[in-house]
Amino acid sequence: MLLDLRGRGRWFALSPSGALWWRHLASGMTADAAADRVAEHYGVPAHQVRADMRALAEELVRRRLLTASRPGKAKVRRA
């Protein structure tokens with residue numbers, strides 16, 4: 001779960017794979033490297049996880065919980 005502390009303090013639920021991806025981002029990995037680690041963890045194709053995480057990243061950027069600094073790189077927003 002992510003808590004947006006701005007405004008109303010809304011919660012945003014992540015799937016287990018999304019939560020793992022987020023933890024890797026928070027540790028400083030690029031979005032693609034984090035997706036590759038998630039793929040390795042779950043034993044699924046990296047290209048599929050990258051596509052899924054790109055869609056999640058777009059949603060998080062739209063909700064202003066994540067900022068994109070350059071292709072393949074994302075920054076976790078800290079409140």
# chains A, B, ... in the order shown; residues from 1 in each chain; ligands from 1
>>> select_by_dssp(residues="chain A", states="alpha helix (DSSP H)", output="ChimeraX atom specification")
/A:16-26,31-42,46-62
>>> closest_residue(among="A:His24, A:Arg64, A:Arg37, A:His47", to="A:Phe12", atoms="only C-alpha atoms")
A:Arg64
>>> residues_around(residues="A:Arg63", least_positions_apart="4", cutoff="10 Å", atoms="only C-alpha atoms", output="list in words")
Asp4, Phe12, Ala57, Glu58, Glu59 and Thr67 of chain A
>>> write_last_selection(atoms="N, CA, C and O atoms", output="tab-separated table (two decimals), in the first residue's frame")
chain	number	residue	atom	x	y	z
A	4	ASP	N	-0.66	8.46	0.03
A	4	ASP	CA	-0.40	9.79	-0.50
A	4	ASP	C	-0.70	10.77	0.63
A	4	ASP	O	-1.86	11.00	0.97
A	12	PHE	N	-3.19	3.82	-2.03
A	12	PHE	CA	-3.12	3.23	-3.35
A	12	PHE	C	-2.58	1.82	-3.16
A	12	PHE	O	-1.47	1.64	-2.66
A	57	ALA	N	3.73	2.41	-13.71
A	57	ALA	CA	4.45	3.68	-13.57
A	57	ALA	C	3.64	4.84	-14.14
A	57	ALA	O	3.57	5.91	-13.53
A	58	GLU	N	3.02	4.62	-15.29
A	58	GLU	CA	2.19	5.68	-15.88
A	58	GLU	C	1.05	6.07	-14.94
A	58	GLU	O	0.74	7.25	-14.79
A	59	GLU	N	0.44	5.08	-14.30
A	59	GLU	CA	-0.63	5.36	-13.35
A	59	GLU	C	-0.10	6.12	-12.13
A	59	GLU	O	-0.72	7.07	-11.66
A	67	THR	N	7.79	10.19	-10.17
A	67	THR	CA	8.19	11.11	-11.22
A	67	THR	C	9.17	10.40	-12.14
A	67	THR	O	9.99	9.61	-11.67
>>> select_by_dssp(residues="chain A", states="strand (DSSP E or B)", output="ChimeraX atom specification")
/A:2-3,11-12,66-70,73-76
>>> write_last_selection(atoms="N, CA and C atoms", output="PDB file, in the first residue's frame")
ATOM      1  N   LEU A   2       0.473   2.215  -0.782  1.00  0.00           N
ATOM      2  CA  LEU A   2       1.130   3.512  -0.782  1.00  0.00           C
ATOM      3  C   LEU A   2       0.155   4.511  -0.184  1.00  0.00           C
ATOM      4  N   LEU A   3       0.655   5.386   0.640  1.00  0.00           N
ATOM      5  CA  LEU A   3      -0.179   6.430   1.228  1.00  0.00           C
ATOM      6  C   LEU A   3       0.262   7.766   0.669  1.00  0.00           C
ATOM      7  N   TRP A  11      -5.037   6.121   0.001  1.00  0.00           N
ATOM      8  CA  TRP A  11      -4.237   4.911  -0.143  1.00  0.00           C
ATOM      9  C   TRP A  11      -4.294   4.421  -1.585  1.00  0.00           C
ATOM     10  N   PHE A  12      -3.190   3.823  -2.032  1.00  0.00           N
ATOM     11  CA  PHE A  12      -3.123   3.229  -3.353  1.00  0.00           C
ATOM     12  C   PHE A  12      -2.577   1.817  -3.159  1.00  0.00           C
ATOM     13  N   LEU A  66       4.936   9.179  -8.370  1.00  0.00           N
ATOM     14  CA  LEU A  66       6.201   8.807  -8.979  1.00  0.00           C
ATOM     15  C   LEU A  66       6.517   9.858 -10.030  1.00  0.00           C
ATOM     16  N   THR A  67       7.785  10.189 -10.171  1.00  0.00           N
ATOM     17  CA  THR A  67       8.188  11.110 -11.224  1.00  0.00           C
ATOM     18  C   THR A  67       9.172  10.397 -12.137  1.00  0.00           C
ATOM     19  N   ALA A  68       9.075  10.668 -13.409  1.00  0.00           N
ATOM     20  CA  ALA A  68       9.994  10.092 -14.387  1.00  0.00           C
ATOM     21  C   ALA A  68      11.038  11.138 -14.706  1.00  0.00           C
ATOM     22  N   SER A  69      12.302  10.776 -14.548  1.00  0.00           N
ATOM     23  CA  SER A  69      13.366  11.733 -14.812  1.00  0.00           C
ATOM     24  C   SER A  69      13.954  11.574 -16.206  1.00  0.00           C
ATOM     25  N   ARG A  70      14.025  10.341 -16.697  1.00  0.00           N
ATOM     26  CA  ARG A  70      14.475  10.053 -18.057  1.00  0.00           C
ATOM     27  C   ARG A  70      14.053   8.623 -18.370  1.00  0.00           C
ATOM     28  N   LYS A  73      14.335   5.418 -16.033  1.00  0.00           N
ATOM     29  CA  LYS A  73      14.662   5.873 -14.689  1.00  0.00           C
ATOM     30  C   LYS A  73      13.417   6.481 -14.075  1.00  0.00           C
ATOM     31  N   ALA A  74      13.157   6.155 -12.836  1.00  0.00           N
ATOM     32  CA  ALA A  74      12.016   6.732 -12.137  1.00  0.00           C
ATOM     33  C   ALA A  74      12.452   7.100 -10.742  1.00  0.00           C
ATOM     34  N   LYS A  75      11.791   8.060 -10.166  1.00  0.00           N
ATOM     35  CA  LYS A  75      12.099   8.472  -8.812  1.00  0.00           C
ATOM     36  C   LYS A  75      10.864   8.351  -7.945  1.00  0.00           C
ATOM     37  N   VAL A  76      11.032   7.740  -6.805  1.00  0.00           N
ATOM     38  CA  VAL A  76       9.957   7.641  -5.828  1.00  0.00           C
ATOM     39  C   VAL A  76       9.783   9.002  -5.196  1.00  0.00           C
TER      40      VAL A  76
END
>>> residues_around(residues="A:Pro16", least_positions_apart="4", cutoff="12 Å", atoms="only C-alpha atoms", output="list in words")
Met1, Leu20, Trp21, Trp22, Arg23, Val38, His41 and Tyr42 of chain A
>>> write_last_selection(atoms="C-alpha atoms", output="PDB file, in the first residue's frame")
ATOM      1  CA  MET A   1       0.000   0.000   0.000  1.00  0.00           C
ATOM      2  CA  LEU A  20       8.337  -5.586  -4.950  1.00  0.00           C
ATOM      3  CA  TRP A  21       9.009  -3.324  -7.939  1.00  0.00           C
ATOM      4  CA  TRP A  22       8.381  -0.248  -5.740  1.00  0.00           C
ATOM      5  CA  ARG A  23      10.835  -1.511  -3.099  1.00  0.00           C
ATOM      6  CA  VAL A  38      10.661  -8.800 -10.282  1.00  0.00           C
ATOM      7  CA  HIS A  41      11.776 -13.357  -8.576  1.00  0.00           C
ATOM      8  CA  TYR A  42       8.548 -14.670 -10.109  1.00  0.00           C
TER       9      TYR A  42
END
>>> atom_distance(atom1="atom CA of A:Ala31", atom2="atom CA of A:Met53")
7.8 Å
>>> closest_residue(among="A:Ala26, A:Asp32, A:Leu5, A:Ser15", to="A:Arg50", atoms="only C-alpha atoms")
A:Asp32
>>> decode(residues="stretch 40-74 of chain A", atoms="N, CA, C and O atoms", output="short mmCIF file (atom, residue, chain, number, x, y, z; two decimals), in the first residue's frame")
data_model
loop_
_atom_site.label_atom_id
_atom_site.label_comp_id
_atom_site.auth_asym_id
_atom_site.auth_seq_id
_atom_site.Cartn_x
_atom_site.Cartn_y
_atom_site.Cartn_z
N GLU A 40 12.66 -11.98 -12.48
CA GLU A 40 13.52 -13.05 -11.96
C GLU A 40 12.90 -13.69 -10.72
O GLU A 40 12.87 -14.92 -10.59
N HIS A 41 12.39 -12.87 -9.82
CA HIS A 41 11.78 -13.36 -8.58
C HIS A 41 10.59 -14.28 -8.86
O HIS A 41 10.44 -15.32 -8.22
N TYR A 42 9.75 -13.90 -9.81
CA TYR A 42 8.55 -14.67 -10.11
C TYR A 42 8.74 -15.69 -11.24
O TYR A 42 7.83 -16.47 -11.52
N GLY A 43 9.90 -15.68 -11.89
CA GLY A 43 10.16 -16.63 -12.96
C GLY A 43 9.29 -16.44 -14.19
O GLY A 43 8.82 -17.39 -14.79
N VAL A 44 9.08 -15.17 -14.55
CA VAL A 44 8.26 -14.84 -15.71
C VAL A 44 9.10 -14.02 -16.69
O VAL A 44 10.14 -13.47 -16.32
N PRO A 45 8.66 -13.90 -17.94
CA PRO A 45 9.44 -13.15 -18.94
C PRO A 45 9.61 -11.68 -18.56
O PRO A 45 8.64 -10.99 -18.20
N ALA A 46 10.84 -11.21 -18.65
CA ALA A 46 11.15 -9.82 -18.29
C ALA A 46 10.37 -8.82 -19.15
O ALA A 46 9.93 -7.79 -18.64
N HIS A 47 10.19 -9.13 -20.44
CA HIS A 47 9.48 -8.18 -21.31
C HIS A 47 8.04 -7.96 -20.84
O HIS A 47 7.51 -6.86 -20.93
N GLN A 48 7.41 -9.01 -20.31
CA GLN A 48 6.03 -8.86 -19.83
C GLN A 48 5.98 -8.01 -18.56
O GLN A 48 5.13 -7.14 -18.42
N VAL A 49 6.92 -8.27 -17.65
CA VAL A 49 6.95 -7.49 -16.41
C VAL A 49 7.28 -6.04 -16.70
O VAL A 49 6.67 -5.13 -16.13
N ARG A 50 8.21 -5.80 -17.63
CA ARG A 50 8.53 -4.41 -17.99
C ARG A 50 7.29 -3.69 -18.52
O ARG A 50 7.04 -2.54 -18.17
N ALA A 51 6.53 -4.36 -19.36
CA ALA A 51 5.30 -3.75 -19.90
C ALA A 51 4.30 -3.47 -18.78
O ALA A 51 3.69 -2.39 -18.73
N ASP A 52 4.12 -4.44 -17.88
CA ASP A 52 3.19 -4.25 -16.77
C ASP A 52 3.64 -3.12 -15.85
O ASP A 52 2.82 -2.30 -15.40
N MET A 53 4.93 -3.05 -15.58
CA MET A 53 5.45 -2.01 -14.68
C MET A 53 5.42 -0.65 -15.35
O MET A 53 5.23 0.36 -14.68
N ARG A 54 5.58 -0.61 -16.68
CA ARG A 54 5.43 0.68 -17.38
C ARG A 54 4.00 1.21 -17.22
O ARG A 54 3.80 2.39 -16.98
N ALA A 55 3.03 0.30 -17.32
CA ALA A 55 1.63 0.71 -17.14
C ALA A 55 1.41 1.19 -15.70
O ALA A 55 0.74 2.20 -15.47
N LEU A 56 1.98 0.47 -14.73
CA LEU A 56 1.86 0.90 -13.33
C LEU A 56 2.55 2.24 -13.13
O LEU A 56 2.00 3.14 -12.49
N ALA A 57 3.73 2.41 -13.71
CA ALA A 57 4.45 3.68 -13.57
C ALA A 57 3.64 4.84 -14.14
O ALA A 57 3.57 5.91 -13.53
N GLU A 58 3.02 4.62 -15.29
CA GLU A 58 2.19 5.68 -15.88
C GLU A 58 1.05 6.07 -14.94
O GLU A 58 0.74 7.25 -14.79
N GLU A 59 0.44 5.08 -14.30
CA GLU A 59 -0.63 5.36 -13.35
C GLU A 59 -0.10 6.12 -12.13
O GLU A 59 -0.72 7.07 -11.66
N LEU A 60 1.05 5.71 -11.63
CA LEU A 60 1.63 6.38 -10.46
C LEU A 60 2.08 7.80 -10.79
O LEU A 60 1.95 8.70 -9.97
N VAL A 61 2.59 8.00 -12.00
CA VAL A 61 2.96 9.35 -12.44
C VAL A 61 1.70 10.20 -12.55
O VAL A 61 1.67 11.35 -12.10
N ARG A 62 0.64 9.63 -13.11
CA ARG A 62 -0.62 10.36 -13.23
C ARG A 62 -1.14 10.78 -11.86
O ARG A 62 -1.66 11.88 -11.69
N ARG A 63 -0.95 9.92 -10.87
CA ARG A 63 -1.39 10.23 -9.51
C ARG A 63 -0.35 11.03 -8.71
O ARG A 63 -0.54 11.29 -7.53
N ARG A 64 0.75 11.37 -9.38
CA ARG A 64 1.84 12.15 -8.79
C ARG A 64 2.49 11.45 -7.58
O ARG A 64 2.93 12.09 -6.65
N LEU A 65 2.56 10.13 -7.65
CA LEU A 65 3.26 9.36 -6.62
C LEU A 65 4.66 8.95 -7.09
O LEU A 65 5.46 8.45 -6.32
N LEU A 66 4.94 9.18 -8.37
CA LEU A 66 6.20 8.81 -8.98
C LEU A 66 6.52 9.86 -10.03
O LEU A 66 5.60 10.39 -10.67
N THR A 67 7.79 10.19 -10.17
CA THR A 67 8.19 11.11 -11.22
C THR A 67 9.17 10.40 -12.14
O THR A 67 9.99 9.61 -11.67
N ALA A 68 9.07 10.67 -13.41
CA ALA A 68 9.99 10.09 -14.39
C ALA A 68 11.04 11.14 -14.71
O ALA A 68 10.71 12.25 -15.09
N SER A 69 12.30 10.78 -14.55
CA SER A 69 13.37 11.73 -14.81
C SER A 69 13.95 11.57 -16.21
O SER A 69 14.36 12.53 -16.82
N ARG A 70 14.02 10.34 -16.70
CA ARG A 70 14.48 10.05 -18.06
C ARG A 70 14.05 8.62 -18.37
O ARG A 70 13.73 7.86 -17.46
N PRO A 71 14.06 8.23 -19.63
CA PRO A 71 13.60 6.88 -19.98
C PRO A 71 14.32 5.79 -19.17
O PRO A 71 15.54 5.82 -19.03
N GLY A 72 13.52 4.88 -18.60
CA GLY A 72 14.08 3.79 -17.82
C GLY A 72 14.40 4.15 -16.39
O GLY A 72 14.73 3.30 -15.58
N LYS A 73 14.33 5.42 -16.03
CA LYS A 73 14.66 5.87 -14.69
C LYS A 73 13.42 6.48 -14.08
O LYS A 73 12.70 7.21 -14.71
N ALA A 74 13.16 6.15 -12.84
CA ALA A 74 12.02 6.73 -12.14
C ALA A 74 12.45 7.10 -10.74
O ALA A 74 13.38 6.53 -10.20
#
